[in-house]
Structure formats: structure tokens, C-alpha cells
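*Asks:* The following file, input_9.cif, comprises mmCIF, C-alpha atoms:
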```cif
data_entry
#
loop_
_atom_site.label_atom_id
_atom_site.label_comp_id
_atom_site.auth_asym_id
_atom_site.auth_seq_id
_atom_site.Cartn_x
_atom_site.Cartn_y
_atom_site.Cartn_z
CA MET A 1290 173.20 169.86 175.18
CA SER A 1291 173.07 166.30 176.33
CA GLU A 1292 172.28 163.48 173.98
CA PRO A 1293 169.48 161.05 174.80
CA PRO A 1294 170.67 157.75 176.23
CA ALA A 1295 171.22 155.02 173.66
CA SER A 1296 168.41 152.52 173.74
CA ALA A 1297 168.73 148.80 173.28
CA GLU A 1298 167.31 149.19 169.78
CA SER A 1299 170.09 151.47 168.57
CA SER A 1300 172.81 149.24 170.00
CA THR A 1301 171.73 146.18 168.01
CA PRO A 1302 173.10 145.75 164.50
CA VAL A 1303 170.96 146.83 161.59
CA SER A 1304 170.62 143.30 160.21
CA ALA A 1305 169.22 142.02 163.52
CA ARG A 1306 166.65 144.82 163.59
CA GLU A 1307 165.70 144.12 159.99
CA ALA A 1308 165.32 140.41 160.74
CA ARG A 1309 163.09 141.21 163.71
CA LEU A 1310 161.00 143.58 161.57
CA VAL A 1311 160.60 140.93 158.89
CA SER A 1312 159.51 138.33 161.45
CA VAL A 1313 156.96 140.68 163.02
CA LEU A 1314 155.55 141.68 159.65
CA SER A 1315 155.34 138.09 158.44
CA ARG A 1316 153.39 137.12 161.58
CA ALA A 1317 151.03 140.06 161.03
CA ARG A 1318 150.59 139.06 157.41
CA ARG A 1319 149.70 135.49 158.38
CA ARG A 1320 147.10 136.74 160.86
CA SER A 1321 145.35 138.79 158.19
CA SER A 1322 145.60 136.09 155.55
CA ALA A 1323 143.18 135.72 152.67
CA VAL A 1324 141.01 133.14 154.45
CA PRO A 1325 138.26 135.63 155.44
CA THR A 1326 138.39 137.13 151.95
CA GLU A 1327 138.01 133.68 150.44
CA ARG A 1328 135.08 132.98 152.74
CA TRP A 1329 133.44 136.27 151.80
CA LEU A 1330 133.89 135.58 148.09
CA PHE A 1331 132.38 132.13 148.52
CA ALA A 1332 129.46 133.31 150.67
CA LEU A 1333 128.62 136.37 148.57
CA GLY A 1334 128.96 134.45 145.32
CA GLY A 1335 126.65 131.68 146.50
CA GLY A 1336 124.17 134.13 148.01
CA LEU A 1337 123.97 136.25 144.87
CA VAL A 1338 123.49 133.20 142.66
CA LEU A 1339 120.66 132.00 144.88
CA ALA A 1340 119.07 135.47 144.99
CA GLY A 1341 119.33 135.67 141.20
CA ILE A 1342 117.64 132.29 140.79
CA VAL A 1343 114.85 133.35 143.15
CA LEU A 1344 114.35 136.60 141.20
CA VAL A 1345 114.22 134.72 137.90
CA LEU A 1346 111.62 132.35 139.33
CA ILE A 1347 109.56 135.25 140.72
CA GLY A 1348 109.73 136.97 137.33
CA TRP A 1349 108.68 133.79 135.57
CA VAL A 1350 105.75 133.22 137.94
CA GLY A 1351 104.64 136.84 137.56
CA THR A 1352 104.93 136.70 133.80
CA SER A 1353 103.07 133.41 133.53
CA ARG A 1354 100.08 134.78 135.48
CA THR A 1355 99.77 137.96 133.43
CA VAL A 1356 98.01 137.82 130.09
CA LEU A 1357 98.88 141.26 128.72
CA VAL A 1358 102.39 141.80 127.34
CA ALA A 1359 102.51 145.29 128.84
CA GLY A 1360 101.96 143.71 132.27
CA GLN A 1361 104.68 141.11 131.69
CA ILE A 1362 107.47 143.60 130.90
CA PRO A 1363 108.01 144.73 134.54
CA TYR A 1364 108.32 141.10 135.62
CA VAL A 1365 110.84 140.37 132.87
CA VAL A 1366 112.90 143.46 133.69
CA SER A 1367 112.83 143.24 137.49
CA GLY A 1368 112.80 139.48 137.83
CA GLY A 1369 114.52 138.10 134.78
CA LEU A 1370 117.20 140.62 133.90
CA LEU A 1371 118.05 141.60 137.47
CA GLY A 1372 118.12 137.90 138.40
CA LEU A 1373 120.46 137.10 135.50
CA GLY A 1374 122.72 139.99 136.54
CA LEU A 1375 122.89 138.66 140.09
CA ILE A 1376 123.59 135.15 138.83
CA PHE A 1377 126.49 136.39 136.70
CA LEU A 1378 127.86 138.59 139.51
CA GLY A 1379 127.68 135.65 141.93
CA GLY A 1380 129.40 133.45 139.37
CA PHE A 1381 132.23 135.96 139.01
CA LEU A 1382 132.64 136.16 142.79
CA TYR A 1383 132.74 132.38 143.02
CA PHE A 1384 135.34 132.37 140.22
CA GLY A 1385 137.38 134.84 142.29
CA TYR A 1386 137.10 132.46 145.25
CA TRP A 1387 138.38 129.62 143.09
CA LEU A 1388 141.30 131.73 141.85
CA ALA A 1389 142.16 132.71 145.44
CA LEU A 1390 142.27 129.02 146.38
CA LEU A 1391 144.54 128.26 143.42
CA LEU A 1392 146.86 131.10 144.38
CA ARG A 1393 147.07 129.97 148.01
CA ASP A 1394 147.74 126.37 146.97
CA SER A 1395 150.45 127.40 144.51
CA ARG A 1396 152.15 129.54 147.18
CA GLU A 1397 152.10 126.65 149.64
CA ARG A 1398 153.45 124.31 146.97
CA GLY A 1399 156.22 126.79 146.15
CA GLU A 1400 157.20 127.06 149.81
CA ARG A 1401 157.32 123.27 150.10
CA GLN A 1402 159.44 123.04 146.95
CA ASP A 1403 161.82 125.70 148.28
CA ALA A 1404 162.21 123.74 151.52
CA ASP A 1405 162.79 120.52 149.58
CA LEU A 1406 165.40 122.15 147.34
CA THR A 1407 167.18 123.61 150.36
CA ARG A 1408 167.20 120.21 152.04
CA MET A 1409 168.53 118.57 148.86
CA ALA A 1410 171.26 121.22 148.50
CA ASP A 1411 172.32 120.63 152.11
CA GLY A 1412 172.42 116.88 151.50
CA LEU A 1413 174.48 117.30 148.34
CA GLU A 1414 176.87 119.60 150.16
CA ARG A 1415 177.36 117.03 152.93
CA ALA A 1416 177.86 114.27 150.35
CA ASN A 1417 180.45 116.44 148.60
CA GLU A 1418 182.29 116.96 151.87
CA HIS A 1419 182.29 113.21 152.55
CA LEU A 1420 183.52 112.46 149.04
CA ALA A 1421 186.29 115.05 149.39
CA ARG A 1422 187.34 113.44 152.68
CA ILE A 1423 187.35 109.99 151.05
CA ALA A 1424 189.47 111.36 148.18
CA GLU A 1425 191.92 112.81 150.71
CA LEU A 1426 192.19 109.45 152.45
CA LEU A 1427 192.74 107.64 149.16
CA VAL A 1428 195.45 110.09 148.14
CA ALA A 1429 197.13 109.63 151.54
CA GLU A 1430 197.20 105.83 151.07
CA ARG A 1431 198.51 105.98 147.49
CA PRO A 1432 201.81 104.09 147.06
CA PRO A 1433 204.93 106.16 146.45
CA ALA A 1434 205.59 107.05 142.84
CA ASN A 1435 209.18 105.67 142.78
CA GLY A 1436 207.97 102.09 142.47
CA SER A 1437 208.96 100.89 145.91
CA ARG A 1438 206.35 99.03 147.89
CA SER A 1439 204.78 100.53 150.97
CA THR A 1440 205.27 99.00 154.38
CA ARG A 1441 201.80 97.53 154.26
CA GLN A 1442 202.49 95.75 150.98
CA ARG A 1443 205.82 94.42 152.31
CA SER A 1444 204.19 93.00 155.41
CA ARG A 1445 201.55 91.22 153.30
CA SER A 1446 204.08 89.57 150.98
CA SER A 1447 206.20 88.20 153.84
#
```
Mind turning this structure into C-alpha cells?
*Replies:*
Amino acid sequence: MSEPPASAESSTPVSAREARLVSVLSRARRRSSAVPTERWLFALGGGLVLAGIVLVLIGWVGTSRTVLVAGQIPYVVSGGLLGLGLIFLGGFLYFGYWLALLLRDSRERGERQDADLTRMADGLERANEHLARIAELLVAERPPANGSRSTRQRSRSS
């Protein structure tokens, strides 16, 4: 049986294919970033808090217009307790939004710090290379150990 022709994918080294896969996946990850999720947390949290406040106010108005306690209980349950539940749920969603912002900011800060550390390491490596070259030049210009003067020193003294 004949083997299928080798494609361009199989002829490339594994590391190159892995690098390409990582780059494609990182671009896909950036496209589906947490920004819509953060927006939804913010919008739902704010909307639920407002709905809860409205329900509490409706319950209060209904309760204040009813004289009998038995008539006030449905307003307290439907308006007050449900409103408080929505307020707390909205508050938790807004807290989640705040935590998502903190996480995103800390990731960005970490990436910036990694880039800064890489840049500093490169700079230190270059400085080390320059210092090693300077040390080589100084060793090359060192006078001989037998005590005789170098040609440069002789020309200066004459």
C-alpha cells in the first residue's frame, strides 16, 4: 500500500508546531478575554441592586398603606425580603466584578514585571560581557612579571 504524501505540517519540527499552536491559542484566549464577563457582572450586579431597592420601596409603601398586620405580611415578604435578597445578590455580583478587575490588573502587572526583569537581565549580561572584555584588555596591557619595563614605559622615560 502506498503511504499518504507528507504534508508541510509533518515536515516541520515539533517545537515549531508547538510554538505555532501556543501562538494561535493565546490569540484565541485574548479574543475571549474576561471583559464581557466583567461587564456582565457589573451590569447584573447593578441591576439587581436597583431592582432590590425598588422592591423594598414597593414593600414599604404597601405596608405603610395597610392598617392590618395580616395585610402587611405579604408586602414584607414579597417586597422587603425579596428586595433584600436581590440587593445582597447584586452586591455579591459587583464584588465578583471587583475581584475580576483586581485579577486582570495583577496579571498585567506581572507581565510588565516579567518584561522588566528580562530587560534588566539582558542589560546585566551585556554589562558583564563589556566588563569581561575590559578585564581582558587590562590583562593584555599588564607589564611583564620579570620587572623589566614595557616598550611604552621606556618610550615615556626617554
*Asks:* On this file, the PyMOL selection byres ((chain A and resi 1333) around 12) gives some set of residues; write that set as a PyMOL selection string.
*Replies:* chain A and resi 1325-1332+1334-1341+1375-1376+1378-1386
*Asks:* Please report the interatomic distance between atom CA of A:Gly1374 and atom CA of A:Val1343 in Å with one decimal.
*Replies:*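 We find that atom CA of A:Gly1374 and atom CA of A:Val1343 lie 12.2 Å from each other.
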*Asks:* Quick one, how far is atom CA of A:Glu1418 from atom CA of A:Asp1403?
*Replies:* 22.5 Å
*Asks:* Could you tell me how far atom CA of A:Thr1407 lies from atom CA of A:His1419, in Å and to one decimal?
*Replies:*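 Distance between the two atoms: 18.5 Å.
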